[in-house]
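Have a look at the structure below, then the notes.
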Amino acid sequence: MKKALLLALIFVFLFTFTACSSESKTKTSDGGGSGEESITLRVAWWGSQPRHEYTTKVIEMYEKENPNVDIKAEFAYWDDYWKKLAPMAAANELPDVLQMDMAYLSQYGEIDLLENLTPYIDDKTIDVSSIDESVLSSGKIGDKMYGFTLGINVLSVITNDDILQKSGINIDGNSWTWNDMEQVALDIKKKANVYGSNGMNPPDIFFPYYLRTKGEEFYKEDGTGLAYTDDQLFVDYFERQVRLIDRNAFPTPDEGAVVRGVEDDFIVKGTSAITWNYSNQYAAFDQLTDAQLTLHLPPEHLENKALFLKPSMLFSVPKSSKHKVEAAKFINFFVNNIEANKLIKGERGVPVSAKVSEAIKPELTEGESKIVKYVEEAKKITKEYYPPDPIGSAEVMKALKDISDQILFKKITPEEGAKKFRAQADSILKSK
């Protein structure tokens, strides 16, 4: 069935990875006769334009230090990235270093597409001397490390403080409830005539968090089905969203559909006072708007120890790569090189290396420093890392998004959506 999953993805996405590419100059010998093998390394990631720009500069730094290596960069927005990765996996043509997300780690790792990175840590190709074991474990499934965590993220509510002040609203991240959040959104709409928030999208991030505040989990521990048993939780979550859309405090689903990256977010456009996002996104929002922004912990995070840490993203190396050692060396450079991280500045999450994190602090802007402080405060509350999603999770999340759209467009009721989602999710997960 695991092979069937991959074949299914291939049929859905029958086109090759044609994302924007940045190719470096061909490396030639400097005349020293070093005899080093000339290597072409493909590195792929998703993200917005600022991420593309600084990652390209980091690549150029690596190439300068390693003149025998020519890196071809392949990048795309989130949706396009995963659509284009599937046929490459089927053809054994995955990039040598690919940016990986926790939602896909099991899907690619457990069907034997990804290299176990543990040997490259054991032989010190990747230096982990200043990285906590808990961080390393976050990229493991069983005893195999299929992804190396690049940064630490925490769920956040990011506010435009100018609009909050205009609305006479103060948010206490340690005490506000879901009902408080709803009232805040309504008050913002009434007093500032903008949306109260971006609508807690995507649902695959914020609905699982909502469940945790109610003492429930999204997936069963063995990944064979949904863990929560009371569909009223699903109903309550989506009824709140429908109410807020009806009262113009949340954007309509068709308005939300056009948001593809941070550049399009409502808070950047000035049409919303709040955006729900992971903490690392703050840096991009801060660069794209002149408004004063603040990071807040999400509602009821202390209830049932709901808050968790999460790898912002990971780097993986496919088994099909012919240059696994060089790929591991690039990951080591990306994670541990201080000069490189002065360019990255925590945009992919707070650096996992304590040494690097401390070294780049003087280089950070006020906004970037806020991210580090926010994550450090969150780490005082929780040490738990959210586990990799099970095989089939990508299909489950697609089902959740589709059903969410049907509910928000009022094609079905939240009650109908709850039953429909449970049936689809359990069917997907039981078949894996």
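Lettering and numbering for the structure tokens are positional, with chains as A, B, ... in the shown order, residues counted from 1 in each chain, and ligands counted from 1 in the shown order.
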
For the interface of segment 203-289 of chain A with segment 307-315 of chain A (cut-off 9 Å, counting only C-alpha atoms), please tabulate each contacting residue of segment 203-289 of chain A alongside its nearest pair of atoms and their separation in Å to one decimal, rows sorted by chain and increasing number, as JSON lines.
```
{"residue": "A:Tyr209", "atom": "CA", "partner": "A:Leu307", "partner_atom": "CA", "distance": 7.8}
{"residue": "A:Arg212", "atom": "CA", "partner": "A:Leu307", "partner_atom": "CA", "distance": 8.0}
{"residue": "A:Thr213", "atom": "CA", "partner": "A:Leu307", "partner_atom": "CA", "distance": 8.3}
{"residue": "A:Tyr278", "atom": "CA", "partner": "A:Ser312", "partner_atom": "CA", "distance": 8.0}
{"residue": "A:Ser279", "atom": "CA", "partner": "A:Ser312", "partner_atom": "CA", "distance": 8.9}
{"residue": "A:Asn280", "atom": "CA", "partner": "A:Ser312", "partner_atom": "CA", "distance": 7.5}
```

Preceding selection exported with all heavy atoms as an mmCIF file, in the first residue's frame:
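Dumped everything to selection_18.cif:
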```cif
data_model
loop_
_atom_site.group_PDB
_atom_site.id
_atom_site.type_symbol
_atom_site.label_atom_id
_atom_site.label_comp_id
_atom_site.auth_asym_id
_atom_site.auth_seq_id
_atom_site.Cartn_x
_atom_site.Cartn_y
_atom_site.Cartn_z
ATOM 1 N N TYR A 209 -4.119 21.860 16.698
ATOM 2 C CA TYR A 209 -3.774 22.598 17.916
ATOM 3 C C TYR A 209 -5.016 22.801 18.783
ATOM 4 O O TYR A 209 -4.969 22.648 20.013
ATOM 5 C CB TYR A 209 -3.146 23.957 17.576
ATOM 6 C CG TYR A 209 -3.042 24.846 18.792
ATOM 7 C CD1 TYR A 209 -2.081 24.612 19.765
ATOM 8 C CD2 TYR A 209 -3.957 25.887 19.012
ATOM 9 C CE1 TYR A 209 -2.005 25.392 20.915
ATOM 10 C CE2 TYR A 209 -3.888 26.668 20.149
ATOM 11 C CZ TYR A 209 -2.915 26.418 21.098
ATOM 12 O OH TYR A 209 -2.862 27.176 22.239
ATOM 13 N N ARG A 212 -5.683 19.869 20.843
ATOM 14 C CA ARG A 212 -4.778 19.737 21.983
ATOM 15 C C ARG A 212 -5.241 20.596 23.160
ATOM 16 O O ARG A 212 -5.093 20.202 24.316
ATOM 17 C CB ARG A 212 -3.349 20.117 21.571
ATOM 18 C CG ARG A 212 -2.659 19.065 20.715
ATOM 19 C CD ARG A 212 -1.311 19.558 20.216
ATOM 20 N NE ARG A 212 -0.361 19.787 21.294
ATOM 21 C CZ ARG A 212 0.481 18.877 21.770
ATOM 22 N NH1 ARG A 212 0.486 17.642 21.265
ATOM 23 N NH2 ARG A 212 1.341 19.184 22.720
ATOM 24 N N THR A 213 -5.803 21.772 22.876
ATOM 25 C CA THR A 213 -6.309 22.603 23.965
ATOM 26 C C THR A 213 -7.492 21.941 24.663
ATOM 27 O O THR A 213 -7.822 22.291 25.805
ATOM 28 C CB THR A 213 -6.731 24.009 23.479
ATOM 29 O OG1 THR A 213 -7.870 23.910 22.619
ATOM 30 C CG2 THR A 213 -5.589 24.705 22.768
ATOM 31 N N TYR A 278 3.248 30.276 11.996
ATOM 32 C CA TYR A 278 4.397 29.862 12.796
ATOM 33 C C TYR A 278 5.324 31.058 13.007
ATOM 34 O O TYR A 278 5.365 32.000 12.205
ATOM 35 C CB TYR A 278 5.135 28.711 12.118
ATOM 36 C CG TYR A 278 4.519 27.367 12.434
ATOM 37 C CD1 TYR A 278 3.793 26.675 11.476
ATOM 38 C CD2 TYR A 278 4.652 26.813 13.708
ATOM 39 C CE1 TYR A 278 3.216 25.442 11.772
ATOM 40 C CE2 TYR A 278 4.079 25.590 14.013
ATOM 41 C CZ TYR A 278 3.366 24.912 13.047
ATOM 42 O OH TYR A 278 2.786 23.702 13.350
ATOM 43 N N SER A 279 6.072 30.983 14.085
ATOM 44 C CA SER A 279 6.872 32.120 14.534
ATOM 45 C C SER A 279 7.881 32.612 13.502
ATOM 46 O O SER A 279 8.154 33.814 13.423
ATOM 47 C CB SER A 279 7.585 31.775 15.846
ATOM 48 O OG SER A 279 8.325 30.566 15.731
ATOM 49 N N ASN A 280 8.459 31.704 12.709
ATOM 50 C CA ASN A 280 9.488 32.143 11.763
ATOM 51 C C ASN A 280 8.932 33.066 10.683
ATOM 52 O O ASN A 280 9.672 33.839 10.077
ATOM 53 C CB ASN A 280 10.192 30.950 11.123
ATOM 54 C CG ASN A 280 9.308 30.202 10.139
ATOM 55 O OD1 ASN A 280 8.223 29.739 10.507
ATOM 56 N ND2 ASN A 280 9.743 30.060 8.916
#
```

Contacts of Pro253 of chain A at 12 Å or less, counting only C-alpha atoms, minus same-chain residues fewer than 6 places along, as a compact mmCIF listing (two decimals) with N, CA and C atoms, in the first residue's frame?
```
# COMPACT_ATOMS: atom_id res chain seq x y z
N ASN A 198 -6.77 36.42 9.87
CA ASN A 198 -6.76 35.78 8.56
C ASN A 198 -7.59 34.50 8.52
N GLY A 199 -8.25 34.15 9.61
CA GLY A 199 -9.17 33.02 9.59
C GLY A 199 -8.60 31.70 10.03
N MET A 200 -7.50 31.71 10.76
CA MET A 200 -6.91 30.46 11.29
C MET A 200 -6.65 29.44 10.18
N ASN A 201 -6.12 29.89 9.08
CA ASN A 201 -5.80 28.98 7.99
C ASN A 201 -4.30 28.73 7.93
N PRO A 202 -3.85 27.55 7.48
CA PRO A 202 -4.68 26.44 7.01
C PRO A 202 -5.22 25.60 8.16
N PRO A 203 -6.35 24.90 7.94
CA PRO A 203 -6.97 24.13 9.02
C PRO A 203 -6.11 22.97 9.51
N GLN A 241 -15.71 29.49 13.01
CA GLN A 241 -15.22 30.13 11.79
C GLN A 241 -16.36 30.64 10.92
N VAL A 242 -17.41 29.85 10.79
CA VAL A 242 -18.56 30.27 9.99
C VAL A 242 -19.19 31.52 10.59
N LEU A 244 -17.77 33.84 12.33
CA LEU A 244 -16.91 35.01 12.13
C LEU A 244 -16.88 35.46 10.67
N ILE A 245 -17.01 34.52 9.75
CA ILE A 245 -17.12 34.90 8.34
C ILE A 245 -18.45 35.62 8.11
N ASP A 246 -19.52 35.07 8.67
CA ASP A 246 -20.84 35.68 8.51
C ASP A 246 -20.88 37.12 9.03
N VAL A 259 -4.27 33.83 -1.27
CA VAL A 259 -3.04 34.02 -0.49
C VAL A 259 -2.13 32.83 -0.70
N LYS A 401 -8.76 20.13 4.15
CA LYS A 401 -8.85 21.42 3.45
C LYS A 401 -10.08 21.46 2.55
N ASP A 402 -10.33 20.38 1.81
CA ASP A 402 -11.48 20.34 0.91
C ASP A 402 -12.79 20.45 1.68
N ILE A 403 -12.88 19.71 2.78
CA ILE A 403 -14.10 19.73 3.58
C ILE A 403 -14.26 21.07 4.29
N SER A 404 -13.15 21.64 4.74
CA SER A 404 -13.19 22.97 5.33
C SER A 404 -13.76 23.98 4.34
N ASP A 405 -13.30 23.91 3.09
CA ASP A 405 -13.81 24.82 2.06
C ASP A 405 -15.31 24.63 1.85
N GLN A 406 -15.74 23.38 1.82
CA GLN A 406 -17.17 23.10 1.64
C GLN A 406 -18.00 23.69 2.78
N ILE A 407 -17.46 23.59 4.00
CA ILE A 407 -18.17 24.15 5.15
C ILE A 407 -18.21 25.67 5.08
N LEU A 408 -17.07 26.27 4.81
CA LEU A 408 -16.99 27.73 4.82
C LEU A 408 -17.73 28.36 3.64
N PHE A 409 -17.87 27.60 2.54
CA PHE A 409 -18.68 28.06 1.42
C PHE A 409 -20.16 27.70 1.60
N LYS A 410 -20.45 27.04 2.74
CA LYS A 410 -21.81 26.65 3.13
C LYS A 410 -22.45 25.66 2.16
```

Please extract the residues of segment 86-265 of chain A with a backbone DSSP assignment of strand (DSSP E or B) and present them as a PyMOL selection string. chain A and resi 97-100+114+140-141+144-145+148-149+151-160+195+219+226

Could you pull out the residues in segment 346-377 of chain A that DSSP calls helix (DSSP H, G or I) from the backbone, as a compact mmCIF listing (two decimals) with C-alpha atoms, in the first residue's frame?
```txt
# COMPACT_ATOMS: atom_id res chain seq x y z
CA ALA A 354 23.16 27.05 20.37
CA LYS A 355 26.56 28.34 19.26
CA VAL A 356 25.15 29.76 16.02
CA SER A 357 22.05 31.17 17.69
CA GLU A 358 24.16 33.10 20.18
CA ALA A 359 26.66 34.29 17.55
CA ILE A 360 24.09 35.82 15.22
CA LYS A 361 22.13 37.72 17.88
CA PRO A 362 24.10 40.97 17.34
CA GLU A 363 23.23 40.77 13.63
CA GLU A 366 14.54 44.13 16.26
CA GLY A 367 11.92 41.96 14.54
CA GLU A 368 14.25 38.98 14.17
CA SER A 369 15.23 39.30 17.82
CA LYS A 370 11.56 39.10 18.76
CA ILE A 371 11.32 35.67 17.11
CA VAL A 372 14.27 34.34 19.09
CA LYS A 373 12.86 35.73 22.33
CA TYR A 374 9.42 34.29 21.56
CA VAL A 375 10.78 30.80 20.91
CA GLU A 376 13.02 30.96 23.98
CA GLU A 377 9.98 31.85 26.12
```

Need to verify the contact set: segment 173-183 of chain A, 8 Å, only C-alpha atoms, exclusion of same-chain residues closer than 5 positions in sequence. Can you return it as a ChimeraX atom specification? /A:240,244,296-302

I'd like the contact shell of Phe421 of chain A - 9 Å cut-off, only C-alpha atoms, skipping same-chain residues fewer than 5 positions apart - returned as a PyMOL selection string. chain A and resi 396+399-400+403+416+426

Please save C-alpha atoms of the selected residues as a compact mmCIF listing (two decimals), in the first residue's frame.
```txt
# COMPACT_ATOMS: atom_id res chain seq x y z
CA VAL A 396 -5.78 13.50 5.17
CA ALA A 399 -9.38 16.03 2.69
CA LEU A 400 -9.53 18.40 5.67
CA ILE A 403 -14.10 19.73 3.58
CA GLU A 416 -21.94 16.91 7.87
CA ASP A 426 -9.94 6.85 8.81
```

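Around Trp78 of chain A, within 8 Å and counting only C-alpha atoms, the residues found are Trp46, Gly47 and Trp82 of chain A, once anything fewer than 4 positions away on its own chain is removed.
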